[in-house]
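Trainee: File name coords.cif; file contents mmCIF, C-alpha atoms; full text below.
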```cif
data_entry
loop_
_atom_site.label_atom_id
_atom_site.label_comp_id
_atom_site.auth_asym_id
_atom_site.auth_seq_id
_atom_site.Cartn_x
_atom_site.Cartn_y
_atom_site.Cartn_z
CA MET G 1 15.27 -116.56 -20.83
CA ASN G 2 16.15 -118.15 -24.15
CA LEU G 3 15.05 -117.22 -27.65
CA PHE G 4 12.22 -119.79 -27.64
CA GLU G 5 10.63 -118.21 -24.60
CA VAL G 6 10.97 -114.72 -26.05
CA LEU G 7 9.24 -115.77 -29.25
CA GLY G 8 6.57 -117.65 -27.28
CA HIS G 9 5.64 -114.53 -25.35
CA TYR G 10 5.92 -111.99 -28.15
CA ASN G 11 2.15 -112.05 -28.78
CA TYR G 12 1.46 -111.16 -25.17
CA TRP G 13 4.00 -108.32 -25.26
CA VAL G 14 2.37 -106.90 -28.34
CA PHE G 15 -0.93 -107.24 -26.50
CA SER G 16 0.45 -105.19 -23.56
CA ILE G 17 1.84 -102.50 -25.85
CA LEU G 18 -1.35 -102.21 -27.92
CA LEU G 19 -3.44 -102.12 -24.76
CA MET G 20 -1.45 -99.19 -23.41
CA VAL G 21 -1.32 -97.36 -26.76
CA GLY G 22 -5.12 -97.56 -26.93
CA MET G 23 -5.44 -96.49 -23.31
CA TYR G 24 -3.15 -93.51 -23.98
CA ALA G 25 -5.47 -92.29 -26.74
CA VAL G 26 -8.44 -92.62 -24.39
CA ILE G 27 -6.76 -90.75 -21.51
CA ALA G 28 -4.48 -88.18 -23.08
CA ARG G 29 -6.22 -87.18 -26.29
CA GLY G 30 -9.03 -84.63 -26.05
CA ASN G 31 -10.77 -85.42 -29.32
CA LEU G 32 -13.81 -87.65 -28.72
CA ILE G 33 -13.42 -89.57 -32.00
CA LYS G 34 -9.78 -90.20 -31.15
CA LYS G 35 -10.88 -91.55 -27.80
CA LEU G 36 -13.23 -94.01 -29.52
CA VAL G 37 -10.43 -95.04 -31.91
CA GLY G 38 -8.25 -95.63 -28.85
CA LEU G 39 -11.01 -97.73 -27.32
CA SER G 40 -11.12 -99.82 -30.53
CA ILE G 41 -7.37 -100.43 -30.34
CA PHE G 42 -7.73 -101.39 -26.68
CA GLN G 43 -10.48 -103.82 -27.65
CA SER G 44 -8.43 -105.31 -30.49
CA ALA G 45 -5.56 -105.86 -28.05
CA VAL G 46 -7.85 -107.93 -25.82
CA PHE G 47 -9.00 -109.90 -28.87
CA LEU G 48 -5.37 -110.59 -29.73
CA MET G 49 -4.69 -111.91 -26.22
CA TYR G 50 -7.64 -114.31 -26.34
CA ILE G 51 -6.83 -115.55 -29.82
CA SER G 52 -3.15 -116.03 -28.86
CA MET G 53 -4.32 -118.37 -26.09
CA ASP G 54 -6.19 -120.64 -28.52
CA LYS G 55 -3.11 -121.68 -30.50
CA VAL G 56 -1.87 -125.25 -30.12
CA GLU G 57 1.52 -126.14 -31.59
CA GLY G 58 0.96 -128.25 -34.71
CA GLY G 59 -2.78 -127.66 -34.54
CA THR G 60 -5.08 -126.28 -37.18
CA ALA G 61 -8.38 -124.39 -37.27
CA PRO G 62 -11.03 -126.30 -35.25
CA ILE G 63 -12.91 -127.72 -38.23
CA LEU G 64 -12.76 -131.48 -37.79
CA GLN G 65 -11.16 -133.52 -40.58
CA SER G 66 -12.82 -136.94 -40.69
CA GLY G 67 -10.10 -138.63 -42.73
CA ASN G 68 -7.33 -137.46 -40.41
CA PRO G 69 -7.86 -138.89 -36.90
CA GLY G 70 -4.51 -137.84 -35.38
CA GLN G 71 -4.91 -134.16 -36.24
CA LEU G 72 -4.52 -131.61 -33.42
CA TYR G 73 -6.94 -128.69 -33.31
CA SER G 74 -6.65 -125.27 -31.74
CA ASN G 75 -8.97 -124.34 -28.91
CA PRO G 76 -12.40 -123.30 -30.26
CA LEU G 77 -13.63 -121.60 -27.09
CA PRO G 78 -11.64 -118.29 -27.19
CA GLN G 79 -12.55 -118.02 -30.87
CA VAL G 80 -16.27 -118.21 -30.11
CA LEU G 81 -15.98 -115.56 -27.40
CA ILE G 82 -14.07 -113.16 -29.65
CA LEU G 83 -16.18 -113.80 -32.75
CA THR G 84 -19.30 -112.51 -31.01
CA ALA G 85 -17.35 -109.77 -29.22
CA ILE G 86 -16.19 -108.27 -32.55
CA VAL G 87 -19.75 -107.84 -33.78
CA VAL G 88 -20.93 -106.49 -30.43
CA GLY G 89 -17.88 -104.18 -30.52
CA VAL G 90 -18.92 -102.48 -33.75
CA ALA G 91 -22.50 -102.05 -32.49
CA THR G 92 -21.40 -100.39 -29.24
CA LEU G 93 -18.83 -98.29 -31.14
CA ALA G 94 -21.65 -97.01 -33.36
CA LEU G 95 -23.60 -96.09 -30.24
CA GLY G 96 -20.61 -94.08 -28.99
CA LEU G 97 -20.20 -92.35 -32.35
CA ALA G 98 -23.91 -91.46 -32.40
CA ILE G 99 -23.49 -89.74 -29.03
CA VAL G 100 -20.40 -87.89 -30.36
CA VAL G 101 -22.39 -86.70 -33.40
CA ARG G 102 -25.13 -85.34 -31.13
CA ILE G 103 -22.54 -83.62 -28.93
CA HIS G 104 -21.05 -81.96 -32.00
CA GLU G 105 -24.47 -80.76 -33.13
CA ARG G 106 -25.22 -79.30 -29.71
CA TYR G 107 -21.84 -77.71 -28.88
CA GLY G 108 -20.15 -77.36 -32.27
CA THR G 109 -17.01 -79.10 -31.06
CA ILE G 110 -15.78 -82.54 -30.04
CA GLU G 111 -12.66 -81.39 -28.16
CA GLU G 112 -12.91 -82.28 -24.49
CA GLN G 113 -11.44 -79.01 -23.19
CA GLU G 114 -13.75 -76.84 -25.28
CA LEU G 115 -16.72 -78.90 -24.11
CA LEU G 116 -15.70 -78.41 -20.49
CA ASN G 117 -15.31 -74.67 -21.09
CA ALA G 118 -18.70 -74.48 -22.80
CA ASP G 119 -20.59 -75.66 -19.71
CA MET E 120 8.65 -119.24 -41.85
CA THR E 121 5.25 -118.70 -40.26
CA ILE E 122 6.85 -117.44 -37.07
CA ILE E 123 8.90 -114.80 -38.92
CA PHE E 124 5.74 -113.76 -40.77
CA SER E 125 3.75 -113.37 -37.56
CA LEU E 126 6.58 -111.51 -35.80
CA PHE E 127 6.62 -109.10 -38.71
CA LEU E 128 2.83 -108.70 -38.61
CA LEU E 129 2.76 -108.09 -34.86
CA THR E 130 5.52 -105.49 -35.06
CA LEU E 131 3.64 -103.80 -37.90
CA LEU E 132 0.51 -103.74 -35.70
CA VAL E 133 2.38 -101.86 -32.98
CA ILE E 134 3.81 -99.34 -35.47
CA ILE E 135 0.39 -98.70 -37.00
CA ALA E 136 -1.24 -98.34 -33.57
CA ILE E 137 1.32 -95.69 -32.60
CA ALA E 138 0.79 -93.91 -35.93
CA ILE E 139 -2.99 -93.95 -35.36
CA VAL E 140 -2.61 -92.28 -31.98
CA HIS E 141 0.03 -89.86 -33.24
CA THR E 142 -1.70 -88.46 -36.33
CA ARG E 143 -3.86 -85.34 -36.00
CA ASN E 144 -5.70 -85.87 -39.26
CA LEU E 145 -8.74 -87.96 -38.40
CA PHE E 146 -9.16 -89.21 -41.99
CA VAL E 147 -5.65 -90.65 -41.90
CA CYS E 148 -6.46 -92.06 -38.48
CA ILE E 149 -9.53 -93.95 -39.80
CA ALA E 150 -7.70 -95.19 -42.89
CA LEU E 151 -4.90 -96.54 -40.67
CA MET E 152 -7.54 -98.08 -38.41
CA SER E 153 -8.85 -100.04 -41.41
CA ILE E 154 -5.33 -101.31 -42.18
CA PHE E 155 -4.89 -102.17 -38.50
CA SER E 156 -8.06 -104.31 -38.59
CA LEU E 157 -7.00 -106.08 -41.76
CA LEU E 158 -3.58 -106.89 -40.27
CA MET E 159 -5.30 -108.08 -37.12
CA ALA E 160 -7.44 -110.39 -39.27
CA VAL E 161 -4.32 -111.86 -40.92
CA ASN E 162 -2.86 -112.33 -37.45
CA PHE E 163 -5.97 -114.17 -36.30
CA PHE E 164 -5.69 -116.39 -39.35
CA THR E 165 -2.08 -117.33 -38.60
CA LEU E 166 -3.23 -118.18 -35.05
CA ASP E 167 -5.72 -120.77 -36.48
CA ALA E 168 -8.82 -118.65 -35.87
CA ALA E 169 -10.34 -118.73 -39.36
CA ASP E 170 -13.86 -117.79 -38.24
CA VAL E 171 -12.61 -114.83 -36.22
CA ALA E 172 -10.39 -113.65 -39.08
CA LEU E 173 -13.39 -113.64 -41.41
CA THR E 174 -15.42 -111.64 -38.92
CA GLU E 175 -12.64 -109.14 -38.24
CA ALA E 176 -12.02 -108.60 -41.96
CA ALA E 177 -15.71 -108.00 -42.71
CA VAL E 178 -16.61 -106.02 -39.59
CA GLY E 179 -13.36 -104.35 -38.52
CA ALA E 180 -11.92 -103.39 -41.88
CA GLY E 181 -15.24 -102.98 -43.69
CA VAL E 182 -18.24 -101.84 -41.69
CA THR E 183 -16.37 -100.06 -38.86
CA THR E 184 -14.41 -97.92 -41.32
CA VAL E 185 -17.54 -96.81 -43.15
CA ILE E 186 -19.36 -96.00 -39.91
CA PHE E 187 -16.34 -94.00 -38.66
CA LEU E 188 -16.20 -92.07 -41.94
CA THR E 189 -19.92 -91.25 -41.88
CA ALA E 190 -19.52 -90.00 -38.31
CA LEU E 191 -16.44 -87.97 -39.33
CA ARG E 192 -18.50 -86.25 -42.04
CA LEU E 193 -20.88 -85.04 -39.30
CA THR E 194 -18.14 -83.82 -36.93
CA ALA E 195 -14.60 -82.50 -37.36
CA ARG E 196 -11.85 -83.61 -39.72
CA ARG E 197 -8.85 -82.58 -37.67
CA GLU E 198 -7.88 -82.95 -34.06
CA LYS E 199 -6.76 -79.79 -32.24
CA ARG E 200 -3.45 -79.61 -30.41
CA GLU E 201 -3.62 -79.41 -26.66
CA GLY E 202 -1.26 -79.06 -23.72
CA THR E 203 1.11 -81.93 -23.03
CA LYS E 204 1.15 -81.88 -19.24
CA ALA E 205 -1.60 -84.44 -18.69
CA SER E 206 -0.36 -86.57 -21.56
CA LEU E 207 3.17 -86.69 -20.13
CA LEU E 208 1.87 -87.93 -16.78
CA SER E 209 -0.37 -90.54 -18.43
CA LEU E 210 2.54 -91.62 -20.63
CA CYS E 211 4.60 -92.34 -17.50
CA VAL E 212 1.79 -94.22 -15.75
CA LEU E 213 0.90 -96.25 -18.85
CA GLY E 214 4.58 -97.02 -19.49
CA ILE E 215 4.95 -98.45 -15.99
CA THR E 216 1.69 -100.43 -16.38
CA MET E 217 2.94 -101.80 -19.68
CA LEU E 218 6.19 -103.00 -18.11
CA LEU E 219 4.22 -104.61 -15.27
CA LEU E 220 1.94 -106.36 -17.77
CA ILE E 221 4.93 -107.61 -19.76
CA TYR E 222 6.51 -108.83 -16.51
CA ALA E 223 3.27 -110.64 -15.66
CA THR E 224 3.10 -112.36 -19.06
CA ILE E 225 6.44 -114.09 -18.43
CA ASP E 226 4.52 -116.54 -16.23
CA ASN E 227 2.09 -117.30 -19.07
CA PRO E 228 2.46 -120.59 -20.93
CA THR E 229 4.34 -120.03 -24.20
CA LEU E 230 2.38 -119.70 -27.42
CA GLY E 231 1.12 -123.07 -28.65
CA ASP E 232 1.87 -125.02 -25.46
CA PRO E 233 -0.58 -127.97 -25.65
CA ASN E 234 -0.60 -128.38 -21.84
CA ALA E 235 -1.66 -124.81 -21.08
CA PRO E 236 -4.58 -124.70 -18.60
CA VAL E 237 -6.87 -123.20 -21.24
CA HIS E 238 -6.56 -126.33 -23.40
CA VAL E 239 -7.21 -128.98 -20.74
CA HIS E 240 -10.49 -127.75 -19.23
CA VAL E 241 -13.65 -127.91 -21.41
CA ALA E 242 -12.14 -127.56 -24.88
CA PRO E 243 -11.38 -131.31 -25.35
CA TYR E 244 -15.04 -132.08 -24.61
CA TYR E 245 -16.20 -129.78 -27.40
CA LEU E 246 -13.66 -131.20 -29.84
CA GLU E 247 -14.60 -134.81 -29.04
CA GLN E 248 -18.36 -134.46 -28.84
CA THR E 249 -19.15 -132.06 -31.69
CA TYR E 250 -19.23 -134.60 -34.49
CA GLU E 251 -21.16 -137.14 -32.45
CA LEU E 252 -23.79 -134.69 -31.20
CA MET E 253 -24.15 -132.31 -34.14
CA GLY E 254 -23.01 -134.29 -37.17
CA PHE E 255 -20.97 -131.45 -38.69
CA PRO E 256 -17.28 -130.59 -38.37
CA ASN E 257 -17.03 -126.86 -37.52
CA VAL E 258 -16.54 -126.85 -33.74
CA VAL E 259 -16.68 -123.04 -33.53
CA THR E 260 -20.19 -122.98 -35.02
CA ALA E 261 -21.25 -125.85 -32.76
CA VAL E 262 -20.05 -124.09 -29.60
CA LEU E 263 -21.45 -120.75 -30.74
CA SER E 264 -24.92 -121.92 -31.61
CA SER E 265 -25.53 -124.94 -29.43
CA PHE E 266 -23.15 -125.51 -26.49
CA ARG E 267 -23.12 -121.82 -25.64
CA GLY E 268 -26.38 -120.80 -27.30
CA TYR E 269 -27.41 -118.69 -24.29
CA ASP E 270 -24.35 -116.45 -24.74
CA THR E 271 -25.04 -115.94 -28.40
CA LEU E 272 -28.69 -115.12 -27.71
CA GLY E 273 -27.47 -112.44 -25.31
CA GLU E 274 -25.01 -111.06 -27.87
CA VAL E 275 -27.71 -110.85 -30.54
CA PHE E 276 -29.86 -108.84 -28.15
CA VAL E 277 -26.94 -106.53 -27.33
CA VAL E 278 -26.48 -105.83 -31.06
CA PHE E 279 -30.25 -105.33 -31.34
CA ALA E 280 -30.28 -102.90 -28.40
CA ALA E 281 -27.28 -100.96 -29.75
CA ALA E 282 -28.95 -100.56 -33.15
CA ILE E 283 -32.16 -99.32 -31.53
CA GLY E 284 -30.07 -96.93 -29.40
CA VAL E 285 -28.31 -95.47 -32.45
CA LEU E 286 -31.64 -94.99 -34.22
CA PHE E 287 -33.07 -93.14 -31.23
CA ILE E 288 -29.99 -90.98 -30.58
CA LEU E 289 -29.77 -89.94 -34.23
CA ASP E 290 -33.56 -89.62 -34.38
CA ALA E 291 -33.89 -91.63 -37.57
CA ARG E 292 -37.12 -93.32 -36.56
CA LYS E 293 -39.50 -91.71 -38.99
CA GLY E 294 -37.03 -90.78 -41.68
CA THR E 295 -38.31 -87.22 -41.71
CA GLY E 296 -37.15 -83.90 -40.29
CA PRO E 297 -34.85 -81.24 -41.72
CA GLU E 298 -31.61 -83.08 -41.02
CA TYR E 299 -32.80 -86.30 -42.61
CA ARG E 300 -32.04 -86.21 -46.35
CA PRO E 301 -30.70 -89.38 -47.98
CA GLU E 302 -28.02 -88.68 -50.54
CA GLN E 303 -29.14 -89.01 -54.18
CA ALA E 304 -25.79 -89.18 -55.91
CA GLY E 305 -23.27 -91.92 -55.32
CA LEU E 306 -19.77 -92.47 -56.61
CA LYS E 307 -21.05 -93.83 -59.90
CA HIS E 308 -19.73 -90.97 -61.98
CA HIS E 309 -16.18 -92.00 -61.00
CA LEU E 310 -14.81 -94.65 -63.35
CA ILE E 311 -12.98 -96.96 -60.93
CA PRO E 312 -15.71 -97.34 -58.27
CA LYS E 313 -18.22 -97.87 -61.06
CA ALA E 314 -16.19 -100.54 -62.85
CA VAL E 315 -14.88 -102.42 -59.81
CA GLY E 316 -17.66 -101.87 -57.26
CA GLY E 317 -20.49 -102.73 -59.63
CA LEU E 318 -18.82 -106.02 -60.44
CA LEU E 319 -18.16 -106.84 -56.79
CA VAL E 320 -21.61 -106.36 -55.24
CA PRO E 321 -23.32 -109.54 -56.56
CA PHE E 322 -20.29 -111.67 -55.75
CA VAL E 323 -20.02 -110.30 -52.22
CA MET E 324 -23.69 -111.19 -51.74
CA LEU E 325 -23.13 -114.67 -53.13
CA PHE E 326 -20.18 -115.12 -50.77
CA GLY E 327 -22.37 -113.96 -47.88
CA LEU E 328 -24.93 -116.66 -48.71
CA TYR E 329 -22.18 -119.27 -48.95
CA VAL E 330 -20.78 -118.22 -45.56
CA GLN E 331 -24.27 -118.34 -44.05
CA PHE E 332 -25.23 -121.80 -45.28
CA HIS E 333 -21.82 -123.44 -45.31
CA GLY E 334 -21.00 -122.22 -41.79
CA GLU E 335 -21.43 -125.68 -40.30
CA TYR E 336 -18.82 -127.20 -42.61
CA GLY E 337 -16.27 -124.43 -43.12
CA PRO E 338 -15.42 -121.10 -41.52
CA GLY E 339 -18.55 -119.02 -41.34
CA GLY E 340 -21.93 -118.60 -39.73
CA GLY E 341 -24.57 -116.01 -39.05
CA PHE E 342 -22.33 -113.26 -37.61
CA GLN E 343 -19.93 -113.28 -40.56
CA ALA E 344 -22.66 -113.66 -43.18
CA GLY E 345 -24.71 -110.81 -41.70
CA ALA E 346 -21.67 -108.53 -41.76
CA ILE E 347 -20.74 -109.54 -45.33
CA PHE E 348 -24.29 -108.93 -46.54
CA ALA E 349 -24.32 -105.55 -44.85
CA THR E 350 -21.02 -104.60 -46.54
CA ALA E 351 -22.47 -105.56 -49.93
CA VAL E 352 -25.49 -103.29 -49.42
CA ILE E 353 -23.27 -100.49 -48.06
CA LEU E 354 -21.02 -100.79 -51.13
CA PHE E 355 -24.11 -100.56 -53.32
CA SER E 356 -25.23 -97.51 -51.37
CA LEU E 357 -21.84 -95.81 -51.83
CA LEU E 358 -21.99 -96.48 -55.57
CA GLU E 359 -25.60 -95.68 -56.38
CA GLY E 360 -26.51 -93.24 -53.61
CA GLU E 361 -28.49 -93.92 -50.48
CA GLN E 362 -31.86 -93.40 -52.11
CA ALA E 363 -31.25 -96.38 -54.38
CA ALA E 364 -30.03 -98.49 -51.43
CA LEU E 365 -33.08 -97.52 -49.39
CA ARG E 366 -35.30 -98.50 -52.31
CA ALA E 367 -33.58 -101.89 -52.45
CA VAL E 368 -33.61 -102.50 -48.68
CA PRO E 369 -36.10 -100.02 -47.19
CA ARG E 370 -35.99 -98.91 -43.59
CA SER E 371 -38.99 -101.10 -42.74
CA ALA E 372 -37.20 -104.15 -44.17
CA GLN E 373 -34.10 -103.36 -42.06
CA MET E 374 -36.21 -103.19 -38.92
CA ALA E 375 -38.01 -106.38 -39.92
CA LEU E 376 -34.62 -108.10 -40.28
CA VAL E 377 -33.43 -106.91 -36.85
CA VAL E 378 -36.63 -107.74 -34.98
CA GLY E 379 -37.35 -110.87 -37.00
CA GLY E 380 -33.83 -112.25 -36.53
CA ALA E 381 -33.76 -111.71 -32.78
CA SER E 382 -37.29 -113.09 -32.39
CA LEU E 383 -36.53 -116.13 -34.55
CA TYR E 384 -33.67 -117.01 -32.18
CA GLY E 385 -35.87 -116.58 -29.13
CA PHE E 386 -38.74 -118.43 -30.80
CA VAL E 387 -36.57 -121.50 -31.49
CA GLY E 388 -35.61 -121.51 -27.82
CA VAL E 389 -39.24 -121.35 -26.70
CA LEU E 390 -40.23 -123.99 -29.27
CA CYS E 391 -37.68 -126.34 -27.66
CA LEU E 392 -39.37 -125.67 -24.30
CA LEU E 393 -42.82 -126.41 -25.76
CA MET E 394 -41.65 -129.66 -27.30
CA GLY E 395 -40.48 -130.95 -23.94
CA GLY E 396 -36.79 -130.03 -23.89
CA THR E 397 -34.93 -127.27 -22.07
CA PHE E 398 -34.46 -123.75 -23.48
CA LEU E 399 -32.35 -123.91 -26.69
CA ASP E 400 -31.99 -127.71 -26.47
CA TYR E 401 -32.53 -128.37 -30.17
CA SER E 402 -32.42 -132.17 -29.94
CA VAL E 403 -36.18 -132.38 -29.30
CA LEU E 404 -37.09 -130.57 -32.53
CA MET E 405 -36.93 -133.74 -34.63
CA GLN E 406 -37.21 -137.47 -34.06
CA ASP E 407 -33.47 -137.95 -34.51
CA PRO E 408 -31.64 -135.70 -31.98
CA VAL E 409 -28.70 -135.08 -34.36
CA ILE E 410 -31.02 -133.90 -37.16
CA GLY E 411 -32.96 -131.88 -34.58
CA ARG E 412 -29.80 -130.07 -33.49
CA GLN E 413 -28.87 -129.37 -37.10
CA VAL E 414 -32.32 -127.92 -37.81
CA GLY E 415 -32.16 -125.78 -34.70
CA ILE E 416 -28.66 -124.52 -35.53
CA VAL E 417 -29.58 -123.62 -39.13
CA ALA E 418 -32.62 -121.73 -37.80
CA ILE E 419 -30.78 -119.75 -35.14
CA GLU E 420 -27.84 -119.02 -37.49
CA ALA E 421 -30.38 -117.58 -39.93
CA GLY E 422 -31.77 -115.47 -37.07
CA VAL E 423 -28.28 -114.25 -36.13
CA GLY E 424 -27.49 -113.40 -39.77
CA MET E 425 -30.71 -111.44 -40.18
CA ALA E 426 -30.28 -109.54 -36.92
CA VAL E 427 -26.63 -108.62 -37.57
CA CYS E 428 -27.27 -107.59 -41.19
CA GLY E 429 -30.31 -105.49 -40.27
CA SER E 430 -28.55 -103.83 -37.32
CA LEU E 431 -25.44 -102.87 -39.28
CA LEU E 432 -27.52 -101.55 -42.18
CA SER E 433 -29.82 -99.48 -39.99
CA ILE E 434 -26.80 -98.08 -38.10
CA TYR E 435 -25.11 -97.15 -41.37
CA HIS E 436 -28.22 -95.47 -42.78
CA ALA E 437 -28.87 -93.61 -39.52
CA PHE E 438 -25.41 -92.00 -39.82
CA ALA E 439 -25.30 -91.59 -43.59
CA ALA E 440 -28.73 -90.00 -44.02
CA ARG E 441 -28.03 -87.32 -41.43
CA HIS E 442 -26.67 -84.07 -42.79
CA PRO E 443 -24.06 -81.80 -41.21
CA MET E 444 -25.53 -78.86 -39.28
CA GLU E 445 -25.89 -75.57 -41.18
CA GLY E 446 -23.22 -72.93 -40.61
CA ARG E 447 -20.69 -75.43 -39.36
CA ASP E 448 -17.01 -74.48 -39.54
CA GLU E 449 -15.79 -76.38 -42.60
CA SER E 450 -12.29 -74.97 -42.48
CA VAL E 451 -11.12 -76.81 -39.36
#
```
Any chance you could give the structure as structure tokens?
Mentor:
Amino acid sequence: MNLFEVLGHYNYWVFSILLMVGMYAVIARGNLIKKLVGLSIFQSAVFLMYISMDKVEGGTAPILQSGNPGQLYSNPLPQVLILTAIVVGVATLALGLAIVVRIHERYGTIEEQELLNAD
Amino acid sequence: MTIIFSLFLLTLLVIIAIAIVHTRNLFVCIALMSIFSLLMAVNFFTLDAADVALTEAAVGAGVTTVIFLTALRLTARREKREGTKASLLSLCVLGITMLLLIYATIDNPTLGDPNAPVHVHVAPYYLEQTYELMGFPNVVTAVLSSFRGYDTLGEVFVVFAAAIGVLFILDARKGTGPEYRPEQAGLKHHLIPKAVGGLLVPFVMLFGLYVQFHGEYGPGGGFQAGAIFATAVILFSLLEGEQAALRAVPRSAQMALVVGGASLYGFVGVLCLLMGGTFLDYSVLMQDPVIGRQVGIVAIEAGVGMAVCGSLLSIYHAFAARHPMEGRDESV
């Protein structure tokens, strides 16, 4: 594996690491807000993977340039998928946080172990 | 040069992600999360995704941070330490999974390979046909609002449903009850927020309008514009207090934006049906199919912008207007 291949896959490696870092927060941390933060990191990692796939060498953002017929453009499709996913992501995150707020009001804690002990 | 820059950014992302998971102070965690989102936006920009970068910067670094902070105010500020047995096991399992994932990515096409399978399927069709069919150059907007209009309709309704869910869970429907007291005072008595924030609000709004109506020709569109508008109103609310923000954009107006935006999108689709086309086939709206598509896209982008702006605002106010429970342990 030469240097070119290493650099060409670096985005995907970062994606794998971020995915697992986010997953670790979801699994191993007991704080519910920390779990949601971990979920956000996990989600961002998936976004990074999709956006890494759209890149075309020598291309530019997919906004057509009429005076420049030979121009290469990056793939618009992953961008569309992720654009909407980001907005949906914040809405669902807010839903999760609302549930956490209600849990805190009911039990006085957002630590998983204390919640398990309380029931 | 660009490649060194993006290597640096990606490495920084990993470091920040680890710091986010490591810190026990949840305020630090949220602040780092905001930086993480901003770096992610820069990364998206270097990967040619201008529209996505704009969305991530407005939503990830702006709105998400504020919503996290309002939720933090209602819960705990610090995370408690727990046993490490479960975390050690999960660390091992996740480490092995990570190595497997990295091993699997070696078969992926390298970054920027023009012959990768993802680039040879439907993407060339979109790039070739957009100008002919729509008459404007931003392919991302064209795919979002016309080629894949069904998807976007679904996404708008997911955002709509999530906003309604938050309002019900936090019981902010009527705006009454003992725990519902909008804050009177803002940050206006501090010099720097007053000087800088007050100047910024009108320009952020102006930029939101530009992004909304120039979305067919440059990076932008309804999702970004809705988020930018929401950040402007949230900034105003932080400066002047929530009462002032609720006077400017009352709860009923927020709900009208959410419902009106989602219905406008659906209505355009049904109108296309009534005028003899298929659902969301805008070409029948006008005599000239290209003009018809443009009219349809402007209308549904306006619907998306309204729905996103209204949802984010109502979510923010639902969190911000709620007060911490009495007798809560402040010392933790």
Trainee: Could you list, as a list in words, every residue within 9 Å of Phe326 of chain E, counting only C-alpha atoms and ignoring same-chain residues fewer than 6 positions away?
Mentor: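 So, after excluding close chain neighbours, the residues are Ala344, Ile347 and Phe348 of chain E.
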Trainee: Could you tell me which of G:Val6, G:Val88, G:Leu32, G:Gly67 comes closest to chain E if we count only C-alpha atoms?
Mentor: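 Looking at the shortest contact to chain E, the residue is G:Val88.
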Trainee: When the PyMOL selection byres ((chain G and resi 103) around 12) is applied to the file above, which residues end up in the set, as a ChimeraX atom specification?
Mentor: /G:31-33,96-102,104-112,114-115,118 /E:190,193-195,288-289,444
Trainee: Using only C-alpha atoms, can you tell me which of G:Thr60, G:Ala94, G:Ile41, G:Asn117 comes closest to Tyr24 of chain G?
Mentor: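 Of G:Thr60, G:Ala94, G:Ile41, G:Asn117, the one nearest Tyr24 of chain G is G:Ile41, counting only C-alpha atoms.
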Trainee: Of the residues E:Ala346, E:Gly341, E:Glu359, E:Asp270, which is the one nearest to Pro312 of chain E, using only C-alpha atoms?
Mentor: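 The shortest atom-to-atom distance to Pro312 of chain E comes from E:Glu359.
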Trainee: Find, counting all atoms listed in the file, the residue in E:Leu131, E:Gly214, E:Ala168, E:Met253 that gets nearest to Ile154 of chain E.
Mentor: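 Closest to Ile154 of chain E of all the choices is E:Leu131.
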Trainee: Name the residues that the PyMOL selection byres ((chain G) within 7 of (chain E)) picks from the file above, as a compact mmCIF listing (two decimals) with C-alpha atoms, in the coordinates of the input, using the file's chain letters and numbers.
Mentor:
```txt
# COMPACT_ATOMS: atom_id res chain seq x y z
CA GLU G 5 10.63 -118.21 -24.60
CA GLY G 8 6.57 -117.65 -27.28
CA HIS G 9 5.64 -114.53 -25.35
CA TYR G 12 1.46 -111.16 -25.17
CA TRP G 13 4.00 -108.32 -25.26
CA VAL G 14 2.37 -106.90 -28.34
CA SER G 16 0.45 -105.19 -23.56
CA ILE G 17 1.84 -102.50 -25.85
CA LEU G 18 -1.35 -102.21 -27.92
CA MET G 20 -1.45 -99.19 -23.41
CA VAL G 21 -1.32 -97.36 -26.76
CA TYR G 24 -3.15 -93.51 -23.98
CA ALA G 25 -5.47 -92.29 -26.74
CA ALA G 28 -4.48 -88.18 -23.08
CA ASN G 31 -10.77 -85.42 -29.32
CA ILE G 51 -6.83 -115.55 -29.82
CA SER G 52 -3.15 -116.03 -28.86
CA MET G 53 -4.32 -118.37 -26.09
CA LYS G 55 -3.11 -121.68 -30.50
CA VAL G 56 -1.87 -125.25 -30.12
CA GLU G 57 1.52 -126.14 -31.59
CA THR G 60 -5.08 -126.28 -37.18
CA ALA G 61 -8.38 -124.39 -37.27
CA PRO G 62 -11.03 -126.30 -35.25
CA ILE G 63 -12.91 -127.72 -38.23
CA LEU G 64 -12.76 -131.48 -37.79
CA SER G 74 -6.65 -125.27 -31.74
CA ASN G 75 -8.97 -124.34 -28.91
CA PRO G 76 -12.40 -123.30 -30.26
CA LEU G 77 -13.63 -121.60 -27.09
CA GLN G 79 -12.55 -118.02 -30.87
CA VAL G 80 -16.27 -118.21 -30.11
CA ILE G 82 -14.07 -113.16 -29.65
CA LEU G 83 -16.18 -113.80 -32.75
CA THR G 84 -19.30 -112.51 -31.01
CA ILE G 86 -16.19 -108.27 -32.55
CA VAL G 87 -19.75 -107.84 -33.78
CA VAL G 88 -20.93 -106.49 -30.43
CA VAL G 90 -18.92 -102.48 -33.75
CA ALA G 91 -22.50 -102.05 -32.49
CA THR G 92 -21.40 -100.39 -29.24
CA ALA G 94 -21.65 -97.01 -33.36
CA LEU G 95 -23.60 -96.09 -30.24
CA LEU G 97 -20.20 -92.35 -32.35
CA ALA G 98 -23.91 -91.46 -32.40
CA ILE G 99 -23.49 -89.74 -29.03
CA VAL G 101 -22.39 -86.70 -33.40
CA HIS G 104 -21.05 -81.96 -32.00
CA GLU G 105 -24.47 -80.76 -33.13
```
Trainee: For the atom pair atom CA of Leu358 of chain E and atom CA of Phe332 of chain E, what is the interatomic distance in Å to one decimal place?
Mentor: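 Interatomic distance here is 27.5 Å.
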